[in-house]
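Worksheet: one structure, shown below.
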Amino acid sequence: MHSSYFIPLEKVMKFMADAAMNSMEGVYVYGLTDPSVKRLLPPPLEPADPAYPMFMLYAVNIREPTFAPWYMEAGVGVMAKCGNTTGLYFFNLQLSGPGALMGAFTGREFSGLPKKICDRIRVERTDAYAHCFVERGGVKLVEVEMEMGRYNHPAFQLEQENCQTTPGGKLIEGGGCLLHRYGISEEGGFRNMEILYYDSPMLFHFWEPAAATVKLASAMDDPWGDIPLTTVLGAGWARVDNRVRSQTVIHRYKPEAGPEVMQYLYSGRYDRSLLCREHQRYE
């Protein structure tokens with residue numbers, strides 16, 4: 001083995017080349033939130049459907065990322081719009097497993113994804129039953145139970161249905177996200193705040209409809225329970241390939257807007273310890 005702090009240029013030029021999250025397997029859940037979820041969206045974002053805001057929640061094993069060993073990832077967000085652009089606004093994503101650090105660092109630094117490292121993510125399925133949870137700081141932030149065979153609401157439909165009958169899988173376009181990217185000034189403030197449209201198509205190889213129940217809870221640093229979920233419309237067990245096709249800046253904030261916007265972004269990215277002097281934890 002040869003290891004050095006100096007990496008040859010030809011190696012550096014391969015950094016994140018053709019990056020993809022392949023063979024993602026696990027749980028996806030869709031439903032509605034209360035319209036009051038608008039209070040959690042940083043202006044100028046608004047719910048895509050103000051009367052019936054839709055949420056998406058997932059927990060998967062990313063079994064074959066091209067840039068890291070396997071890792072677990074879970075996230076929750078709501079469909080939002082910025083002007084004429086619609087996408088998923090993530091409140092937070094949690095990661096665990098051998099590749100979690102590289103998955104978190106690259107997602108945060110490249111795109112502004114609100115990623116943290118958690119204690120544990122478990123995703124499991126036996127026959128027609130599936131279950132997942134995310135734990136951080138001793139709290140289960142989310143727990144989902146699913147039974148395969150039908151959606152919660154019979155009229156609910158998704159584009160990825162019957163993907164396993166399509167040779168090569170079914171590509172779902174329009175799977176983009178609305179993400180905030182920024183820099184940190186020498187004084188500790190937030191600068192160069194902008195919103196990206198993160199174009200991330202998903203290639204579904206397997207989808208099995210399911211009915212689900214969802215429980216959210218909050219820890220001091222991770223207020224998942226603050227998201228006002230009201231109705232689960234449907235869920236599914238999936239196998240998916242995912243990649244980033246492009247990132248486009250769609251909104252730039254005024255220079256002085258950073259601290260006001262960070263009021264909405266902070267908890268998805270940082271812990272409260274950065275805001276206070278007393279923050280001990282012993283085990």
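Every chain in the structure tokens has a letter given in the order shown (A, B, ...), and although residue numbers restart at 1 in each chain, ligands are simply numbered from 1 in the order shown.
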
Report as a ChimeraX atom specification: the residues of range 43-283 of chain A with a DSSP assignment of alpha helix (DSSP H), based on the backbone of this structure.
-> /A:100-111,258-269

Please provide as a PyMOL selection string all residues within 8 Å of range 121-126 of chain A, with the sequence filter that same-chain residues fewer than 3 positions apart are discarded (counting only C-alpha atoms).
-> chain A and resi 26-27+59-61+72-74+95-96+118+129-135

Those residues you just picked out, can you put them in a file as a compact mmCIF listing (two decimals), in the first residue's frame with N, CA, C and O atoms?
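Just written: again14.txt:
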```txt
# COMPACT_ATOMS: atom_id res chain seq x y z
N GLY A 26 -35.02 0.18 -0.85
CA GLY A 26 -35.68 0.46 0.42
C GLY A 26 -37.04 1.09 0.27
O GLY A 26 -37.78 0.80 -0.67
N VAL A 27 -37.36 1.98 1.20
CA VAL A 27 -38.71 2.48 1.46
C VAL A 27 -38.89 3.89 0.92
O VAL A 27 -38.04 4.76 1.14
N ALA A 59 -36.02 5.94 2.99
CA ALA A 59 -34.92 5.35 3.74
C ALA A 59 -34.42 4.16 2.93
O ALA A 59 -35.19 3.22 2.67
N VAL A 60 -33.15 4.22 2.52
CA VAL A 60 -32.63 3.21 1.59
C VAL A 60 -31.21 2.80 1.96
O VAL A 60 -30.49 3.52 2.65
N ASN A 61 -30.82 1.64 1.45
CA ASN A 61 -29.42 1.24 1.41
C ASN A 61 -28.90 1.59 0.02
O ASN A 61 -29.37 1.04 -0.98
N MET A 72 -26.20 3.94 4.20
CA MET A 72 -27.63 4.10 4.39
C MET A 72 -27.97 5.59 4.34
O MET A 72 -27.18 6.43 4.80
N GLU A 73 -29.13 5.91 3.79
CA GLU A 73 -29.54 7.31 3.72
C GLU A 73 -31.05 7.41 3.87
O GLU A 73 -31.81 6.58 3.36
N ALA A 74 -31.48 8.44 4.59
CA ALA A 74 -32.90 8.72 4.76
C ALA A 74 -33.11 10.22 4.68
O ALA A 74 -32.25 11.01 5.09
N LEU A 95 -27.43 10.05 7.31
CA LEU A 95 -26.64 9.00 6.71
C LEU A 95 -25.94 8.18 7.78
O LEU A 95 -25.57 8.70 8.85
N SER A 96 -25.71 6.91 7.48
CA SER A 96 -24.91 6.03 8.34
C SER A 96 -24.25 4.99 7.46
O SER A 96 -24.59 4.82 6.29
N CYS A 118 -25.93 10.14 11.31
CA CYS A 118 -26.76 9.71 12.44
C CYS A 118 -26.18 8.46 13.10
O CYS A 118 -25.18 7.89 12.65
N TYR A 129 -43.97 -7.55 4.58
CA TYR A 129 -43.86 -6.52 5.62
C TYR A 129 -42.51 -5.83 5.52
O TYR A 129 -41.47 -6.48 5.34
N ALA A 130 -42.50 -4.51 5.64
CA ALA A 130 -41.25 -3.74 5.64
C ALA A 130 -41.29 -2.73 6.79
O ALA A 130 -42.36 -2.30 7.24
N HIS A 131 -40.10 -2.37 7.23
CA HIS A 131 -39.98 -1.51 8.41
C HIS A 131 -38.68 -0.73 8.29
O HIS A 131 -37.68 -1.24 7.78
N CYS A 132 -38.68 0.52 8.72
CA CYS A 132 -37.43 1.28 8.78
C CYS A 132 -37.49 2.29 9.91
O CYS A 132 -38.58 2.70 10.34
N PHE A 133 -36.31 2.69 10.37
CA PHE A 133 -36.24 3.80 11.32
C PHE A 133 -34.89 4.48 11.20
O PHE A 133 -33.91 3.91 10.69
N VAL A 134 -34.85 5.73 11.67
CA VAL A 134 -33.63 6.54 11.72
C VAL A 134 -33.46 6.99 13.16
O VAL A 134 -34.38 7.56 13.76
N GLU A 135 -32.26 6.78 13.71
CA GLU A 135 -32.00 7.14 15.10
C GLU A 135 -30.79 8.07 15.18
O GLU A 135 -29.74 7.81 14.60
```

Excluding range 100-117 of chain A and any residue of its chain fewer than 4 positions from it, enumerate the residues within 6 Å of it, using only C-alpha atoms, and give them as a PyMOL selection string.
-> chain A and resi 71+92-96+179-181+268-269

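Between Pro65 in chain A and the candidates A:Val244, A:Asn22, A:Arg252, A:Ala128, the tightest atom-to-atom separation, counting only C-alpha atoms, involves A:Asn22.
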
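The gap separating CA of Leu41 in chain A from CA of Tyr89 in chain A is 8.2 Å, in Å to one decimal.
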
Per residue of range 143-204 of chain A within 7 Å of range 237-243 of chain A, record the nearest atom pair and its distance in Å to one decimal, counting only C-alpha atoms, with rows in chain order and ascending residue number, as CSV.
```
residue,atom,partner,partner_atom,distance
A:Ser200,CA,A:Arg243,CA,5.6
A:Pro201,CA,A:Asn242,CA,6.2
A:Met202,CA,A:Asn242,CA,4.8
A:Leu203,CA,A:Asp241,CA,5.0
A:Phe204,CA,A:Val240,CA,4.5
```

Would you export the selected residues with N, CA and C atoms as a short mmCIF file (atom, residue, chain, number, x, y, z; two decimals), in the first residue's frame, please?
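The result, stored in out.cif:
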```
data_model
loop_
_atom_site.label_atom_id
_atom_site.label_comp_id
_atom_site.auth_asym_id
_atom_site.auth_seq_id
_atom_site.Cartn_x
_atom_site.Cartn_y
_atom_site.Cartn_z
N SER A 200 -32.03 15.52 -10.88
CA SER A 200 -31.59 14.20 -10.44
C SER A 200 -32.58 13.12 -10.89
N PRO A 201 -32.49 12.67 -12.14
CA PRO A 201 -33.42 11.64 -12.61
C PRO A 201 -33.22 10.32 -11.89
N MET A 202 -34.29 9.55 -11.78
CA MET A 202 -34.26 8.28 -11.07
C MET A 202 -34.69 7.16 -12.03
N LEU A 203 -33.87 6.12 -12.09
CA LEU A 203 -34.16 4.97 -12.93
C LEU A 203 -34.68 3.84 -12.03
N PHE A 204 -35.99 3.59 -12.10
CA PHE A 204 -36.63 2.58 -11.26
C PHE A 204 -36.55 1.21 -11.94
#
```

Residues flagged strand (DSSP E) by DSSP in range 84-203 of chain A, as a PyMOL selection string = chain A and resi 85-96+115-117+120-126+129-136+139-148+170-172+177-184+190-199+202-203

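The closest residue to Tyr197 in chain A, picked from A:Ser273, A:Ser246, A:Ser218, A:Ser36 and counting only C-alpha atoms, is A:Ser246.
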
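Separating CA of Val37 in chain A from CA of Pro53 in chain A is a distance of 7.8 Å.
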
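Proximity of A:Leu233, A:Ala48, A:Leu171, A:Met220 to Ala155 in chain A, computed with only C-alpha atoms, is greatest for A:Leu233.
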
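For range 187-194 of chain A, the set of protein, DNA and RNA residues having any atom at most 7 Å away, when counting only C-alpha atoms and skipping those fewer than 2 positions along the same chain, is His180, Arg181, Tyr182, Gly183, Ile184, Ser185, Leu196, Val249, His251, Arg252, Tyr253, Pro255, Gly258 and Pro259 of chain A.
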
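With only C-alpha atoms as the atoms that count, the minimum distance from Gly234 in chain A to the choices A:Glu25, A:Glu283, A:Asp199, A:Glu208 is reached by A:Glu208.
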
Long-range neighbours of Glu161 in chain A as an MDAnalysis selection string, 10 Å cut-off, only C-alpha atoms, 5 positions minimum in chain | chainID A and resid 170 204:209 236
